[in-house]
Structure formats: C-alpha cells, structure tokens
Amino acid sequence: MPINLPNLITIARILMVPITVWLIVTNAFVLAFAVFLIAGVSDAVDGFIAKRFGLTTELGAYLDPLADKLLLVAIYLSLGFLEHLPAWLVITVASRDILIVGGMLLAWLIGRPIEVHPLWISKINTTLQITLAGVVLGILAFNPQIEFVVMWGSVIVGVSTVASGAAYLRQWLTHMANANGGDRNDVAAKSKSD
C-alpha cells in the first residue's frame with residue numbers, strides 16, 4: 001500500500017509528539033504552542049487533500065485518529081506531570097482512550113471485532129480537549145492571568161470525557177451482547193474514534 005501525501009502529513013504529525021513533549025517539559029511553551037498550532041493545521045490540511053483529491057486510504061483511516069490521540073494524550077500527560085493540569089483530568093482523558101482501544105482489542109481477540117464510528121459526544125469531547133490544551137499552552141506561552149479558565153475548562157472537559165467514555169462503553173456492551181461471534185473478516189476492526 002503506497003504512502004500518499006496526506007499519510008505523510010499525518011506521519012509528520014505523529015513525529016511532532018515527542019518534540020511537543022520535550023518542548024513542554026523544558027518549559028519552551030511558546031515553541032510548544034507553535035508546534036501545537038502547526039499540528040492542528042496539518043490535521044485540517046491532510047483531511048482536505050485526502051477528500052479533495054480522492055486520496056483517502058485505509059492506512060490513513062487508522063493513522064489520522066492515532067496521530068490526534070497520541071498528540072492530545074502526550075500533551076495532557078506532560079501538562080499534568082508539570083501540574084499545569086489537574087491529575088484527575090489527565091487520568092480521565094488517558095483512561096478513556098485506553099479503555100476504548102482495550103475494548104476494541106478484546107473484541108477482536110475473541111472473534112467479535114467492532115467498527116467504532118465517532119459519536120457526536122466524542123466529537124464534542126475531542127473539540128473541548130483540543131481547546132483546553134491550546135488554552136493552557138497559550139497561557140503558559142504568553143502568561144495571561146486567566147487560571148479560572150483552566151479550572152472550569154478542566155471540569156467541562158472532564159464531564160465530556162466521562163460522557164464520551166460511557167457512550168462508547170454502552171456501544172461496546174451492546175455489540176458484545178448482540179454479536180454472533182462470526183468470522184473476523186465479516187466486520188472490519190477499524191477504529192475511526194475521536
């Protein structure tokens with residue numbers, strides 16, 4: 001399967017993850033904020049190119065959400081480690097993604113693969129997570145005194161993350177209860193979750 005331009009952009013976004021973590025933990029917040037913005041723009045660009053020029057691929061369907069999640073979780077873990085985000089929020093965000101991936105792997109291993117489509121609550125949750133990450137990095141980069149935004153943003157993101165995780169858990173339980181255990185090839189085990 002050839003790697004096209006949108007996939008290369010997505011891979012570049014994955015390579016930005018360790019750079020972003022390094023910039024955060026070394027307190028280079030202006031550069032970390034800049035890389036965060038570049039990653040966001042690259043996400044929009046690769047999606048546009050893929051759809052506009054018919055370059056969507058199965059590889060891209062896996063890589064794009066993986067790149068988004070790796071970057072977001074890495075930023076949350078780094079900011080949590082430096083105590084710029086509350087530990088409970090970092091644990092909630094990381095746990096939701098671990099549970100989704102773990103549930104999909106378990107379903108696949110027992111012969112009941114599940115195709116997870118992004119739910120509306122998950123799209124809202126991802127938007128809120130990205131917004132909070134950007135706001136916190138912006139505060140750290142440019143030092144405005146708006147800590148209350150981080151506090152309330154953390155609460156809102158925490159609630160939406162729990163709601164999103166619960167929705168995926170409900171979907172998974174319904175699938176597992178109704179699955180007939182057929183051939184693994186009957187259903188694609190492809191995740192496009194946000």
# chains A, B, ... in the order shown; residues from 1 in each chain; ligands from 1
call {"tool": "residues_around", "arguments": {"residues": "Leu79 in chain A", "least_positions_apart": "5", "cutoff": "9 Å", "atoms": "only C-alpha atoms", "output": "PyMOL selection string"}}
result
chain A and resi 21+24-25+74+84-86+90+133+136-137
call {"tool": "write_last_selection", "arguments": {"atoms": "N, CA and C atoms", "output": "compact mmCIF listing (two decimals), in the first residue's frame"}}
result
# COMPACT_ATOMS: atom_id res chain seq x y z
N VAL A 21 6.33 17.07 23.52
CA VAL A 21 6.56 16.69 24.92
C VAL A 21 7.86 17.30 25.42
N ILE A 24 7.45 20.98 26.07
CA ILE A 24 6.66 21.26 27.28
C ILE A 24 7.48 21.02 28.53
N VAL A 25 8.16 19.87 28.61
CA VAL A 25 8.88 19.56 29.85
C VAL A 25 10.12 20.43 30.04
N ALA A 74 -0.35 12.89 24.91
CA ALA A 74 1.01 13.30 25.28
C ALA A 74 1.02 14.69 25.89
N HIS A 84 0.27 21.59 35.50
CA HIS A 84 -0.46 22.68 34.85
C HIS A 84 -1.89 22.25 34.54
N LEU A 85 -2.15 20.96 34.63
CA LEU A 85 -3.50 20.41 34.55
C LEU A 85 -3.69 19.48 35.74
N PRO A 86 -4.91 19.40 36.26
CA PRO A 86 -5.13 18.53 37.43
C PRO A 86 -4.93 17.05 37.08
N VAL A 90 -6.12 14.40 33.77
CA VAL A 90 -5.17 13.66 32.94
C VAL A 90 -5.48 12.17 32.99
N ALA A 133 -6.29 22.14 25.73
CA ALA A 133 -4.84 22.00 25.55
C ALA A 133 -4.26 23.27 24.95
N VAL A 136 -4.32 26.18 27.60
CA VAL A 136 -3.29 26.03 28.63
C VAL A 136 -1.92 26.34 28.06
N LEU A 137 -1.62 25.83 26.86
CA LEU A 137 -0.33 26.13 26.24
C LEU A 137 -0.21 27.62 25.94
call {"tool": "select_by_dssp", "arguments": {"residues": "range 91-152 of chain A", "states": "helix (DSSP H, G or I)", "output": "VMD selection string"}}
result
chain A and resid 91 to 109 120 to 142 147 to 152
call {"tool": "residues_around", "arguments": {"residues": "Leu89 in chain A", "least_positions_apart": "5", "cutoff": "12 Å", "atoms": "only C-alpha atoms", "output": "ChimeraX atom specification"}}
result
/A:73,76-77,79-81,83-84,94-96,129,132-133,150-162
call {"tool": "closest_residue", "arguments": {"among": "A:Leu169, A:Ala34, A:Leu59, A:Asn125", "to": "Ile19 in chain A", "atoms": "only C-alpha atoms"}}
result
A:Ala34
call {"tool": "closest_residue", "arguments": {"among": "A:Val93, A:Ile130, A:Leu105, A:Leu66", "to": "Gly40 in chain A", "atoms": "only C-alpha atoms"}}
result
A:Ile130
call {"tool": "atom_distance", "arguments": {"atom1": "CA of Val149 in chain A", "atom2": "CA of Ile124 in chain A"}}
result
18.0 Å
call {"tool": "residues_around", "arguments": {"residues": "range 41-58 of chain A", "least_positions_apart": "3", "cutoff": "9 Å", "atoms": "only C-alpha atoms", "output": "list in words"}}
result
Met1, Ile3, Asn4, Leu5, Pro6, Asn7, Leu8, Ile9, Thr10, Ala12, Arg13, Phe36, Leu37, Ile38, Ala61, Tyr62, Leu63, Asp64, Ala67, Asp68 and Lys190 of chain A
call {"tool": "write_last_selection", "arguments": {"atoms": "C-alpha atoms", "output": "CSV table (one decimal), in the first residue's frame"}}
result
chain,number,residue,atom,x,y,z
A,1,MET,CA,0.0,0.0,0.0
A,3,ILE,CA,2.0,6.1,1.3
A,4,ASN,CA,0.5,9.2,-0.2
A,5,LEU,CA,0.8,12.9,0.7
A,6,PRO,CA,-2.0,13.0,3.3
A,7,ASN,CA,-0.5,10.0,5.0
A,8,LEU,CA,3.0,11.6,5.0
A,9,ILE,CA,1.5,14.7,6.7
A,10,THR,CA,-0.2,12.5,9.3
A,12,ALA,CA,4.8,14.0,10.4
A,13,ARG,CA,2.2,14.9,13.0
A,36,PHE,CA,0.5,22.5,18.6
A,37,LEU,CA,-0.9,25.0,16.1
A,38,ILE,CA,1.1,23.5,13.2
A,61,ALA,CA,-8.2,5.9,8.4
A,62,TYR,CA,-6.0,4.3,11.1
A,63,LEU,CA,-3.2,6.9,11.2
A,64,ASP,CA,-5.3,10.1,11.5
A,67,ALA,CA,-2.0,10.9,15.5
A,68,ASP,CA,-4.7,13.0,17.1
A,190,LYS,CA,-11.1,-0.3,12.0
call {"tool": "closest_residue", "arguments": {"among": "A:Trp108, A:Phe142, A:Trp88, A:Trp120", "to": "Phe29 in chain A", "atoms": "only C-alpha atoms"}}
result
A:Phe142
call {"tool": "atom_distance", "arguments": {"atom1": "CA of Gly134 in chain A", "atom2": "CA of Ile75 in chain A"}}
result
9.6 Å
call {"tool": "closest_residue", "arguments": {"among": "A:Ala107, A:Ala28, A:Ala39, A:Val17", "to": "Leu173 in chain A", "atoms": "only C-alpha atoms"}}
result
A:Ala107
call {"tool": "atom_distance", "arguments": {"atom1": "CA of Trp22 in chain A", "atom2": "CA of Thr127 in chain A"}}
result
23.8 Å
call {"tool": "closest_residue", "arguments": {"among": "A:Gln171, A:Asn27, A:Thr20, A:Asn178", "to": "Gly103 in chain A", "atoms": "only C-alpha atoms"}}
result
A:Gln171
call {"tool": "closest_residue", "arguments": {"among": "A:Ile11, A:Ala87, A:Leu72, A:Ile121", "to": "Ser164 in chain A", "atoms": "only C-alpha atoms"}}
result
A:Ile121
